[in-house]
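Okay, target_32.cif is below, mmCIF, C-alpha atoms:
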data_entry
#
loop_
_atom_site.label_atom_id
_atom_site.label_comp_id
_atom_site.auth_asym_id
_atom_site.auth_seq_id
_atom_site.Cartn_x
_atom_site.Cartn_y
_atom_site.Cartn_z
CA MET A 1 10.74 61.00 -4.45
CA SER A 2 9.71 61.10 -0.80
CA VAL A 3 12.26 60.47 1.93
CA ASP A 4 11.14 58.77 5.12
CA PRO A 5 11.75 60.79 8.29
CA PRO A 6 14.24 59.48 10.86
CA VAL A 7 12.91 57.06 13.46
CA LEU A 8 14.06 59.48 16.17
CA GLU A 9 14.88 63.15 15.78
CA ILE A 10 15.60 65.36 18.77
CA ARG A 11 16.04 69.07 18.19
CA ASP A 12 17.48 71.57 20.69
CA LEU A 13 16.08 69.70 23.69
CA HIS A 14 16.25 71.55 27.00
CA ALA A 15 14.76 69.87 30.05
CA GLY A 16 15.09 69.54 33.80
CA ILE A 17 13.39 68.87 37.08
CA ASP A 18 12.17 71.25 39.77
CA ASP A 19 13.59 74.26 37.88
CA THR A 20 17.03 72.58 37.74
CA PRO A 21 18.31 72.26 34.16
CA ILE A 22 19.70 68.86 33.17
CA LEU A 23 19.64 68.73 29.36
CA ASN A 24 20.98 71.88 27.75
CA GLY A 25 20.26 71.63 24.04
CA ILE A 26 20.48 68.13 22.59
CA ASP A 27 20.28 67.34 18.89
CA LEU A 28 20.14 63.69 17.81
CA LYS A 29 18.95 61.83 14.73
CA ILE A 30 18.65 58.04 14.31
CA GLU A 31 17.58 56.47 11.02
CA SER A 32 15.82 53.12 10.59
CA GLY A 33 18.07 50.12 11.00
CA GLU A 34 20.62 52.14 12.97
CA ILE A 35 21.93 51.65 16.48
CA HIS A 36 23.40 54.64 18.30
CA ALA A 37 25.12 54.78 21.69
CA LEU A 38 24.91 57.55 24.27
CA MET A 39 27.84 57.58 26.68
CA GLY A 40 28.85 59.78 29.59
CA ARG A 41 29.74 59.82 33.24
CA ASN A 42 27.24 59.47 36.06
CA GLY A 43 25.09 62.57 36.25
CA SER A 44 25.64 63.67 32.66
CA GLY A 45 21.94 63.33 31.81
CA LYS A 46 21.85 60.01 29.93
CA THR A 47 19.01 58.41 31.87
CA THR A 48 17.21 61.74 32.00
CA ALA A 49 17.23 61.79 28.19
CA ALA A 50 15.76 58.27 28.12
CA ASN A 51 13.03 59.21 30.60
CA ILE A 52 12.09 62.31 28.63
CA ILE A 53 11.80 60.38 25.36
CA MET A 54 9.56 57.88 27.16
CA GLY A 55 7.49 60.64 28.80
CA HIS A 56 8.34 60.43 32.51
CA PRO A 57 6.06 63.05 34.13
CA GLU A 58 8.69 64.14 36.66
CA PHE A 59 10.74 65.92 34.01
CA GLU A 60 9.78 69.16 32.28
CA VAL A 61 10.77 70.10 28.75
CA SER A 62 11.33 73.83 28.39
CA GLN A 63 12.44 73.91 24.76
CA GLY A 64 12.87 71.69 21.73
CA SER A 65 11.14 68.71 20.15
CA VAL A 66 11.26 64.91 20.14
CA GLU A 67 9.88 63.29 16.97
CA LEU A 68 9.13 59.64 16.25
CA ASN A 69 8.94 59.01 12.49
CA GLY A 70 8.27 62.70 11.95
CA LYS A 71 5.61 63.10 14.65
CA ASP A 72 6.29 65.14 17.79
CA ILE A 73 5.55 62.93 20.79
CA LEU A 74 6.15 65.37 23.65
CA GLU A 75 2.42 65.87 24.24
CA MET A 76 1.76 62.12 24.37
CA LYS A 77 1.36 60.24 27.64
CA PRO A 78 3.87 57.44 28.31
CA TRP A 79 1.40 54.68 27.36
CA GLU A 80 0.58 56.51 24.13
CA ARG A 81 4.28 56.67 23.28
CA ALA A 82 4.60 52.96 24.01
CA ARG A 83 1.74 52.15 21.66
CA ALA A 84 3.25 54.47 19.06
CA GLY A 85 6.39 52.33 19.17
CA VAL A 86 8.73 53.58 21.91
CA PHE A 87 10.28 50.85 24.07
CA LEU A 88 12.34 51.49 27.20
CA SER A 89 14.51 48.81 28.77
CA PHE A 90 14.91 49.74 32.42
CA GLN A 91 18.13 49.76 34.42
CA TYR A 92 16.32 48.07 37.30
CA PRO A 93 13.23 46.16 36.06
CA GLN A 94 10.51 45.65 38.67
CA ALA A 95 9.34 42.22 39.79
CA VAL A 96 5.65 41.39 39.30
CA PRO A 97 4.87 38.33 41.47
CA GLY A 98 1.87 36.37 40.24
CA LEU A 99 2.17 37.41 36.58
CA GLN A 100 3.64 34.65 34.45
CA VAL A 101 6.20 35.57 31.81
CA GLY A 102 4.26 33.80 29.02
CA ASN A 103 1.04 35.69 29.79
CA PHE A 104 2.91 38.97 30.12
CA LEU A 105 4.55 38.54 26.71
CA ARG A 106 1.29 37.69 24.95
CA LYS A 107 -0.53 40.66 26.53
CA SER A 108 2.34 43.02 25.70
CA VAL A 109 2.53 41.97 22.06
CA ALA A 110 -1.27 42.18 21.73
CA ALA A 111 -1.36 45.67 23.27
CA ILE A 112 1.24 47.03 20.85
CA ASN A 113 0.78 44.98 17.67
CA GLY A 114 -2.80 43.70 17.93
CA GLU A 115 -4.44 40.50 19.15
CA ASP A 116 -3.63 38.53 15.98
CA ALA A 117 0.09 39.12 16.49
CA ALA A 118 -0.02 37.45 19.91
CA LYS A 119 -1.57 34.11 19.01
CA GLY A 120 -1.31 31.26 16.56
CA PRO A 121 1.63 29.25 15.23
CA GLU A 122 3.50 32.30 13.89
CA PHE A 123 3.71 33.88 17.36
CA ARG A 124 4.82 30.58 18.88
CA ARG A 125 7.53 30.17 16.23
CA THR A 126 8.77 33.72 16.79
CA LEU A 127 8.79 33.23 20.56
CA LYS A 128 10.62 29.91 20.31
CA SER A 129 13.22 31.34 17.94
CA ALA A 130 13.85 34.43 20.09
CA MET A 131 14.22 32.38 23.27
CA ALA A 132 16.67 30.05 21.54
CA GLU A 133 18.71 33.02 20.35
CA LEU A 134 18.89 34.32 23.93
CA ASP A 135 19.62 30.89 25.45
CA MET A 136 16.41 30.94 27.49
CA PRO A 137 14.75 27.60 28.42
CA ARG A 138 11.04 27.08 27.79
CA SER A 139 10.49 26.75 31.55
CA PHE A 140 11.19 30.49 31.76
CA LEU A 141 7.66 31.17 30.47
CA GLY A 142 6.11 29.74 33.62
CA ARG A 143 8.06 31.97 36.02
CA TYR A 144 6.75 35.24 37.41
CA VAL A 145 7.96 38.46 35.78
CA ASN A 146 11.41 39.37 37.19
CA ASP A 147 10.58 37.58 40.45
CA GLY A 148 13.81 36.00 41.67
CA PHE A 149 15.52 36.64 38.35
CA SER A 150 19.28 37.04 38.30
CA GLY A 151 20.70 40.22 36.78
CA GLY A 152 21.45 38.37 33.55
CA GLU A 153 17.95 36.87 33.36
CA LYS A 154 16.39 40.30 33.76
CA LYS A 155 18.45 41.70 30.90
CA ARG A 156 17.71 38.73 28.63
CA PHE A 157 14.00 39.10 29.41
CA GLU A 158 14.10 42.78 28.41
CA ILE A 159 15.69 41.87 25.08
CA LEU A 160 13.17 39.06 24.57
CA GLN A 161 10.40 41.66 24.89
CA LEU A 162 12.22 43.84 22.36
CA MET A 163 12.48 40.99 19.86
CA LEU A 164 8.79 40.12 20.16
CA ILE A 165 7.25 43.60 20.30
CA LYS A 166 9.45 44.97 17.50
CA PRO A 167 9.09 48.65 18.49
CA LYS A 168 10.00 51.52 16.22
CA LEU A 169 12.47 52.86 18.79
CA ALA A 170 14.22 50.89 21.51
CA ILE A 171 15.92 52.81 24.31
CA LEU A 172 18.21 50.43 26.18
CA ASP A 173 19.36 51.95 29.46
CA GLU A 174 22.51 50.20 30.70
CA THR A 175 21.42 46.86 29.32
CA ASP A 176 24.96 45.58 29.86
CA SER A 177 24.92 46.32 33.60
CA GLY A 178 25.70 43.22 35.65
CA LEU A 179 26.26 40.95 32.65
CA ASP A 180 29.23 38.64 32.27
CA ILE A 181 31.06 38.28 28.95
CA ASP A 182 28.76 35.55 27.62
CA GLY A 183 25.69 37.52 28.70
CA ILE A 184 26.90 40.63 26.89
CA LYS A 185 27.44 38.64 23.70
CA THR A 186 23.97 37.09 23.92
CA VAL A 187 22.20 40.38 24.62
CA ALA A 188 24.13 42.11 21.83
CA LYS A 189 23.09 39.35 19.43
CA GLY A 190 19.44 39.93 20.35
CA ILE A 191 19.72 43.70 19.84
CA ASN A 192 21.32 43.26 16.43
CA SER A 193 18.67 40.72 15.44
CA ALA A 194 15.85 43.10 16.43
CA VAL A 195 17.20 46.23 14.72
CA ARG A 196 19.57 45.52 11.86
CA GLY A 197 17.85 45.44 8.49
CA SER A 198 14.52 46.55 9.96
CA ASP A 199 12.47 49.75 10.17
CA SER A 200 13.37 50.03 13.87
CA ALA A 201 16.19 51.90 15.59
CA ALA A 202 17.90 51.70 18.96
CA LEU A 203 19.63 54.03 21.39
CA ILE A 204 21.95 52.23 23.81
CA ILE A 205 22.85 54.12 26.98
CA THR A 206 26.02 52.80 28.56
CA HIS A 207 29.16 53.67 30.52
CA TYR A 208 31.40 51.12 28.87
CA SER A 209 32.52 49.96 25.43
CA ARG A 210 32.05 46.22 26.16
CA ILE A 211 28.59 45.79 24.66
CA LEU A 212 29.42 48.18 21.82
CA GLU A 213 32.24 45.89 20.71
CA HIS A 214 29.55 43.33 19.83
CA VAL A 215 26.73 45.64 18.71
CA LYS A 216 29.03 47.93 16.70
CA PRO A 217 26.88 51.09 16.78
CA ASP A 218 26.60 53.35 13.77
CA ARG A 219 27.28 56.40 15.92
CA VAL A 220 28.53 57.08 19.45
CA HIS A 221 27.55 60.32 21.19
CA VAL A 222 29.20 61.71 24.32
CA LEU A 223 26.99 63.59 26.77
CA ILE A 224 28.66 65.96 29.23
CA LYS A 225 26.71 68.33 31.47
CA GLY A 226 23.56 67.92 29.42
CA ARG A 227 25.18 68.53 26.03
CA ILE A 228 26.41 66.21 23.30
CA VAL A 229 30.00 67.38 22.99
CA LYS A 230 31.28 64.82 20.50
CA SER A 231 29.96 62.19 18.09
CA GLY A 232 31.83 59.56 16.14
CA GLY A 233 31.98 55.94 15.09
CA PRO A 234 32.51 52.86 17.27
CA GLU A 235 36.17 53.80 17.71
CA LEU A 236 35.08 56.74 19.90
CA ALA A 237 33.85 54.32 22.58
CA LEU A 238 37.27 52.65 22.67
CA GLU A 239 38.98 56.05 22.93
CA LEU A 240 36.75 56.93 25.90
CA GLU A 241 37.67 53.63 27.53
CA GLU A 242 41.34 54.61 27.29
CA ARG A 243 41.20 58.35 27.96
CA GLY A 244 38.11 58.94 30.06
CA TYR A 245 36.02 62.10 29.61
CA ASP A 246 38.12 65.01 30.86
CA TRP A 247 39.63 65.71 27.43
CA LEU A 248 36.14 66.46 26.10
CA ILE A 249 35.14 68.98 28.75
CA PRO A 250 34.96 72.49 27.24
CA SER A 251 37.80 74.74 28.34
CA GLY A 252 37.00 76.90 31.32
CA GLU A 253 34.72 74.29 32.92
CA ASP A 254 35.79 72.12 35.84
CA SER A 255 36.46 68.41 35.38
CA GLU A 256 34.46 67.24 38.38
CA SER A 257 31.65 64.76 37.83
CA GLU A 258 28.34 66.33 36.91
CA THR A 259 26.31 66.79 40.08
CA VAL A 260 23.12 68.44 38.89
CA ALA A 261 21.64 65.28 37.40
CA ALA A 262 23.54 62.69 39.45
CA THR A 263 20.44 61.48 41.25
CA LYS A 264 18.62 61.04 37.95
CA ASP A 265 21.25 59.25 35.85
#

Serialized structure, C-alpha coordinates:
Amino acid sequence: MSVDPPVLEIRDLHAGIDDTPILNGIDLKIESGEIHALMGRNGSGKTTAANIIMGHPEFEVSQGSVELNGKDILEMKPWERARAGVFLSFQYPQAVPGLQVGNFLRKSVAAINGEDAAKGPEFRRTLKSAMAELDMPRSFLGRYVNDGFSGGEKKRFEILQLMLIKPKLAILDETDSGLDIDGIKTVAKGINSAVRGSDSAALIITHYSRILEHVKPDRVHVLIKGRIVKSGGPELALELEERGYDWLIPSGEDSESETVAATKD
(Lines of atoms letter the chains of each structure in order from A and count residues from 1; the text may use other names and numbers.)
(Lines give C-alpha, C1' and ligand atoms only; values in the text may rest on other atoms or scores of the structure.)
Protein backbone atom coordinates (compact mmCIF):
# COMPACT_ATOMS: atom_id res chain seq x y z
CA MET A 1 0.00 0.00 0.00
CA SER A 2 1.50 3.31 -1.10
CA VAL A 3 1.86 6.17 1.36
CA ASP A 4 1.51 9.72 0.11
CA PRO A 5 4.56 11.92 0.73
CA PRO A 6 4.23 14.88 3.11
CA VAL A 7 3.01 18.15 1.62
CA LEU A 8 6.23 19.80 2.81
CA GLU A 9 9.46 18.09 3.80
CA ILE A 10 12.60 20.06 4.55
CA ARG A 11 15.81 18.15 5.16
CA ASP A 12 19.02 19.58 6.65
CA LEU A 13 18.46 23.01 5.11
CA HIS A 14 21.40 25.39 5.29
CA ALA A 15 21.05 28.79 3.67
CA GLY A 16 22.14 32.39 3.90
CA ILE A 17 22.80 35.63 2.10
CA ASP A 18 26.06 37.18 0.93
CA ASP A 19 28.09 34.36 2.52
CA THR A 20 26.37 34.98 5.88
CA PRO A 21 24.69 31.84 7.22
CA ILE A 22 21.13 32.24 8.49
CA LEU A 23 19.58 28.75 8.50
CA ASN A 24 21.84 26.13 10.01
CA GLY A 25 20.24 22.76 9.36
CA ILE A 26 16.45 22.73 9.46
CA ASP A 27 14.33 19.59 9.31
CA LEU A 28 10.56 19.96 9.03
CA LYS A 29 7.71 17.76 7.83
CA ILE A 30 4.05 18.77 7.38
CA GLU A 31 1.39 16.27 6.31
CA SER A 32 -1.81 17.06 4.42
CA GLY A 33 -4.51 18.66 6.53
CA GLU A 34 -1.98 19.81 9.12
CA ILE A 35 -1.16 23.30 10.33
CA HIS A 36 2.25 23.92 11.89
CA ALA A 37 3.60 27.07 13.54
CA LEU A 38 7.14 28.41 13.40
CA MET A 39 7.98 30.74 16.27
CA GLY A 40 11.08 32.64 17.31
CA ARG A 41 12.46 36.05 18.13
CA ASN A 42 13.28 38.70 15.55
CA GLY A 43 16.29 37.64 13.53
CA SER A 44 15.93 33.92 14.20
CA GLY A 45 15.42 33.13 10.51
CA LYS A 46 11.64 32.62 10.32
CA THR A 47 10.97 34.92 7.38
CA THR A 48 14.17 33.73 5.71
CA ALA A 49 12.79 30.18 5.82
CA ALA A 50 9.55 31.38 4.20
CA ASN A 51 11.43 33.23 1.47
CA ILE A 52 13.60 30.21 0.70
CA ILE A 53 10.59 27.89 0.39
CA MET A 54 9.02 30.42 -1.99
CA GLY A 55 12.26 30.83 -3.97
CA HIS A 56 13.43 34.38 -3.21
CA PRO A 57 16.54 34.81 -5.41
CA GLU A 58 18.41 36.84 -2.79
CA PHE A 59 19.00 33.79 -0.61
CA GLU A 60 21.38 30.94 -1.39
CA VAL A 61 20.89 27.35 -0.28
CA SER A 62 24.20 25.65 0.44
CA GLN A 63 22.87 22.29 1.63
CA GLY A 64 19.67 20.33 2.03
CA SER A 65 16.36 19.92 0.20
CA VAL A 66 12.84 21.33 0.16
CA GLU A 67 10.20 18.96 -1.21
CA LEU A 68 6.57 19.63 -2.11
CA ASN A 69 4.58 16.38 -2.24
CA GLY A 70 7.81 14.47 -2.74
CA LYS A 71 9.28 16.73 -5.44
CA ASP A 72 12.33 18.90 -4.74
CA ILE A 73 11.43 22.47 -5.64
CA LEU A 74 14.75 24.23 -4.99
CA GLU A 75 15.55 24.46 -8.71
CA MET A 76 12.15 25.96 -9.54
CA LYS A 77 11.65 29.68 -10.09
CA PRO A 78 9.22 31.44 -7.71
CA TRP A 79 6.39 31.51 -10.28
CA GLU A 80 6.90 27.80 -10.95
CA ARG A 81 6.61 27.08 -7.23
CA ALA A 82 3.44 29.17 -7.09
CA ARG A 83 1.89 27.18 -9.93
CA ALA A 84 3.02 23.96 -8.26
CA GLY A 85 0.98 24.97 -5.22
CA VAL A 86 3.09 27.13 -2.89
CA PHE A 87 1.33 30.21 -1.51
CA LEU A 88 3.03 32.95 0.52
CA SER A 89 1.06 35.48 2.53
CA PHE A 90 3.28 38.53 2.90
CA GLN A 91 3.96 40.49 6.07
CA TYR A 92 3.53 43.72 4.13
CA PRO A 93 1.39 43.18 0.99
CA GLN A 94 1.98 45.69 -1.80
CA ALA A 95 -0.74 47.98 -3.15
CA VAL A 96 -1.57 47.70 -6.86
CA PRO A 97 -3.57 50.82 -7.81
CA GLY A 98 -5.75 50.32 -10.87
CA LEU A 99 -6.17 46.54 -10.44
CA GLN A 100 -9.57 45.65 -9.05
CA VAL A 101 -9.80 42.95 -6.40
CA GLY A 102 -12.42 40.97 -8.35
CA ASN A 103 -10.28 40.85 -11.50
CA PHE A 104 -7.18 40.00 -9.50
CA LEU A 105 -8.91 37.06 -7.81
CA ARG A 106 -10.24 35.63 -11.07
CA LYS A 107 -6.85 35.92 -12.79
CA SER A 108 -5.06 34.36 -9.80
CA VAL A 109 -7.41 31.40 -9.59
CA ALA A 110 -7.22 30.88 -13.36
CA ALA A 111 -3.40 30.99 -13.33
CA ILE A 112 -3.14 28.33 -10.63
CA ASN A 113 -6.21 26.14 -11.11
CA GLY A 114 -7.19 26.72 -14.74
CA GLU A 115 -9.65 29.00 -16.54
CA ASP A 116 -12.68 26.83 -15.76
CA ALA A 117 -12.06 27.21 -12.02
CA ALA A 118 -12.32 31.00 -12.28
CA LYS A 119 -15.70 31.37 -13.95
CA GLY A 120 -19.27 30.17 -13.76
CA PRO A 121 -21.72 29.79 -10.88
CA GLU A 122 -19.46 27.48 -8.85
CA PHE A 123 -16.71 30.11 -8.65
CA ARG A 124 -19.23 32.79 -7.71
CA ARG A 125 -20.69 30.59 -4.97
CA THR A 126 -17.23 29.82 -3.59
CA LEU A 127 -16.27 33.50 -3.67
CA LYS A 128 -19.49 34.58 -1.98
CA SER A 129 -19.14 31.94 0.73
CA ALA A 130 -15.49 32.80 1.45
CA MET A 131 -16.21 36.52 1.65
CA ALA A 132 -19.10 35.89 4.04
CA GLU A 133 -16.85 33.74 6.23
CA LEU A 134 -14.31 36.57 6.39
CA ASP A 135 -16.94 39.30 6.94
CA MET A 136 -16.03 41.06 3.69
CA PRO A 137 -18.71 43.11 1.87
CA ARG A 138 -19.31 42.59 -1.84
CA SER A 139 -18.20 46.17 -2.49
CA PHE A 140 -14.68 44.99 -1.63
CA LEU A 141 -14.41 43.41 -5.10
CA GLY A 142 -14.51 46.82 -6.77
CA ARG A 143 -11.61 48.27 -4.79
CA TYR A 144 -8.01 48.29 -5.99
CA VAL A 145 -5.68 45.62 -4.60
CA ASN A 146 -4.42 46.70 -1.15
CA ASP A 147 -4.83 50.37 -2.13
CA GLY A 148 -5.93 52.20 1.01
CA PHE A 149 -6.65 48.95 2.82
CA SER A 150 -6.41 48.89 6.59
CA GLY A 151 -4.08 46.34 8.17
CA GLY A 152 -7.03 44.07 8.92
CA GLU A 153 -8.38 44.33 5.36
CA LYS A 154 -5.00 43.36 3.94
CA LYS A 155 -4.85 40.26 6.12
CA ARG A 156 -8.43 39.24 5.30
CA PHE A 157 -7.67 39.68 1.60
CA GLU A 158 -4.65 37.39 1.88
CA ILE A 159 -6.78 34.70 3.50
CA LEU A 160 -9.51 35.19 0.87
CA GLN A 161 -6.88 34.41 -1.79
CA LEU A 162 -5.87 31.32 0.17
CA MET A 163 -9.46 30.09 0.37
CA LEU A 164 -10.03 30.55 -3.37
CA ILE A 165 -6.71 29.33 -4.76
CA LYS A 166 -6.56 26.29 -2.44
CA PRO A 167 -2.78 25.82 -2.67
CA LYS A 168 -0.99 22.68 -1.58
CA LEU A 169 1.14 24.64 0.89
CA ALA A 170 0.27 27.97 2.49
CA ILE A 171 3.05 29.91 4.21
CA LEU A 172 1.47 32.60 6.36
CA ASP A 173 4.08 35.11 7.50
CA GLU A 174 2.83 37.03 10.55
CA THR A 175 -0.76 36.96 9.34
CA ASP A 176 -1.85 38.07 12.81
CA SER A 177 0.24 41.26 12.72
CA GLY A 178 -1.89 44.35 13.33
CA LEU A 179 -5.13 42.44 13.85
CA ASP A 180 -7.51 43.06 16.73
CA ILE A 181 -9.15 40.19 18.61
CA ASP A 182 -12.11 39.89 16.22
CA GLY A 183 -9.77 40.05 13.22
CA ILE A 184 -7.61 37.25 14.60
CA LYS A 185 -10.67 35.05 15.12
CA THR A 186 -11.92 35.72 11.59
CA VAL A 187 -8.55 35.07 9.94
CA ALA A 188 -8.05 31.90 12.00
CA LYS A 189 -11.48 30.67 10.90
CA GLY A 190 -10.48 31.18 7.26
CA ILE A 191 -7.19 29.31 7.71
CA ASN A 192 -8.93 26.37 9.37
CA SER A 193 -11.56 26.31 6.62
CA ALA A 194 -8.91 26.23 3.89
CA VAL A 195 -6.69 23.53 5.41
CA ARG A 196 -8.49 21.23 7.81
CA GLY A 197 -9.78 18.07 6.16
CA SER A 198 -8.09 18.90 2.85
CA ASP A 199 -4.99 17.83 0.94
CA SER A 200 -3.37 21.17 1.76
CA ALA A 201 -1.08 22.17 4.63
CA ALA A 202 -0.05 25.43 6.25
CA LEU A 203 2.97 26.87 8.03
CA ILE A 204 2.14 29.87 10.22
CA ILE A 205 5.05 32.14 11.13
CA THR A 206 4.32 34.21 14.21
CA HIS A 207 5.76 35.81 17.34
CA TYR A 208 2.71 35.31 19.50
CA SER A 209 0.30 32.61 20.64
CA ARG A 210 -2.87 34.67 20.00
CA ILE A 211 -3.73 33.31 16.55
CA LEU A 212 -2.60 29.82 17.55
CA GLU A 213 -5.23 29.74 20.29
CA HIS A 214 -7.85 29.79 17.51
CA VAL A 215 -6.04 27.79 14.82
CA LYS A 216 -4.74 25.15 17.26
CA PRO A 217 -1.71 23.96 15.24
CA ASP A 218 -0.75 20.31 15.13
CA ARG A 219 2.87 21.19 15.89
CA VAL A 220 4.78 24.25 17.09
CA HIS A 221 8.47 24.62 16.22
CA VAL A 222 10.88 27.05 17.85
CA LEU A 223 13.61 28.54 15.68
CA ILE A 224 16.68 29.99 17.40
CA LYS A 225 19.77 31.11 15.50
CA GLY A 226 18.72 29.25 12.38
CA ARG A 227 17.96 25.94 14.09
CA ILE A 228 14.75 24.33 15.28
CA VAL A 229 15.60 23.73 18.92
CA LYS A 230 12.26 22.42 20.15
CA SER A 231 8.96 21.13 18.77
CA GLY A 232 5.73 20.37 20.57
CA GLY A 233 1.98 20.76 20.58
CA PRO A 234 -0.08 23.96 20.93
CA GLU A 235 0.85 24.14 24.62
CA LEU A 236 4.42 25.03 23.61
CA ALA A 237 3.23 28.37 22.22
CA LEU A 238 1.61 29.21 25.57
CA GLU A 239 4.80 28.24 27.41
CA LEU A 240 6.80 30.58 25.16
CA GLU A 241 4.33 33.36 25.90
CA GLU A 242 5.02 32.90 29.62
CA ARG A 243 8.74 32.12 29.62
CA GLY A 244 10.19 33.73 26.51
CA TYR A 245 13.00 32.06 24.57
CA ASP A 246 16.10 32.20 26.77
CA TRP A 247 15.42 28.82 28.38
CA LEU A 248 15.72 27.17 24.95
CA ILE A 249 19.08 28.65 24.01
CA PRO A 250 21.78 25.93 24.01
CA SER A 251 24.18 26.21 26.92
CA GLY A 252 27.32 28.14 26.15
CA GLU A 253 25.58 30.51 23.72
CA ASP A 254 24.63 34.06 24.64
CA SER A 255 21.00 35.06 25.16
CA GLU A 256 21.12 38.20 23.05
CA SER A 257 18.70 38.52 20.15
CA GLU A 258 19.91 36.96 16.93
CA THR A 259 21.59 39.65 14.85
CA VAL A 260 22.78 37.82 11.76
CA ALA A 261 19.34 37.57 10.18
CA ALA A 262 17.65 40.50 11.92
CA THR A 263 17.30 42.52 8.74
CA LYS A 264 15.71 39.55 6.97
CA ASP A 265 13.19 38.37 9.57

At a cut-off of 9 Å, can you tabulate as a tab-separated table every residue of stretch 85-137 of chain A near stretch 38-54 of chain A together with its closest atom pair and the distance in Å to one decimal, using all atoms listed in the file and ordering rows by chain then number?
residue	atom	partner	partner_atom	distance
A:Val86	CA	A:Met54	CA	6.8
A:Phe87	CA	A:Met54	CA	7.7
A:Leu88	CA	A:Met54	CA	7.0

Chain and number of each residue from the PyMOL selection byres ((chain A and resi 23-25) around 6), as a ChimeraX atom specification: /A:12-15,22,26,226-227

Using the chain letters and numbers from the file, give me the residues hit by the PyMOL selection byres ((chain A and resi 198) around 12), as a VMD selection string. chain A and resid 7 31 to 35 163 166 to 169 191 to 197 199 to 202

Take the PyMOL selection byres ((chain A and resi 174-188) around 7), run it mentally on this structure, and tell me the resulting residues as JSON, numbers by chain. {"A": [91, 134, 151, 152, 155, 156, 159, 172, 173, 189, 190, 191, 192, 205, 206, 211, 214, 215]}

Compare A:Glu153, A:Leu74, A:Ile165, A:Ala170 by their minimum atom-to-atom distance to A:Ala118, counting only C-alpha atoms, and give me the closest one.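 Closest residue, counting only C-alpha atoms: A:Ile165.
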
Could you give me the axis-aligned bounding box of stretch 104-121 of chain A, with 4 Å of padding per side, as centre plus edge lengths in Å to one decimal, as JSON?
{"center_x": 0.1, "center_y": 38.1, "center_z": 22.7, "size_x": 17.0, "size_y": 25.8, "size_z": 22.9}

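The space separating atom CA of A:Met131 from atom CA of A:Lys154 comes to 13.3 Å.
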
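We find atom CA of A:Ile204 and atom CA of A:Asp135 to be spaced 21.5 Å apart.
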
How far is it from atom CA of A:Lys71 to atom CA of A:Gly85, in Å with one decimal?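 Atom CA of A:Gly85 lies 11.7 Å from atom CA of A:Lys71.
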
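Excluding A:Glu75 and any residue on its chain fewer than 3 positions from it, the residues at most 12 Å away by only C-alpha atoms are Ile52, Ile53, Met54, Gly55, His56, Pro57, Glu60, Val61, Ser65, Val66, Glu67, Lys71, Asp72, Pro78, Trp79, Glu80 and Arg81 of chain A.
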
Counting only C-alpha atoms, which residue out of A:Pro234, A:Gly70, A:Pro121, A:Gly148 sits closest to A:Val3?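 For A:Val3, the nearest of the given residues is A:Gly70.
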
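You can rank A:Leu105, A:Ala82, A:Leu248, A:Ala110 by their closest distance to A:Phe157 using only C-alpha atoms, and at the top of that list sits A:Leu105.
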
Between A:Asn69, A:Gln63, A:Ser139, A:Thr20, single out the one closest to A:Val101, counting all atoms listed in the file. A:Ser139

Could you please give me, as a list in words, the residues of protein, DNA or RNA lying at most 9 Å from (6.2, 36.1, 40.5) in the coordinate frame of the file, considering only C-alpha atoms?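 With a cut-off of 9 Å, the residues come to Ala95, Val96, Pro97, Gly98, Leu99, Gln100, Val101, Arg143, Tyr144, Val145, Asn146, Asp147 and Gly148 of chain A.
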
May I ask which of the residues A:Tyr208, A:Phe59, A:Phe104, A:Phe90 is the closest one to A:Gly142, counting all atoms listed in the file?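 Result for the nearest residue to A:Gly142: A:Phe104.
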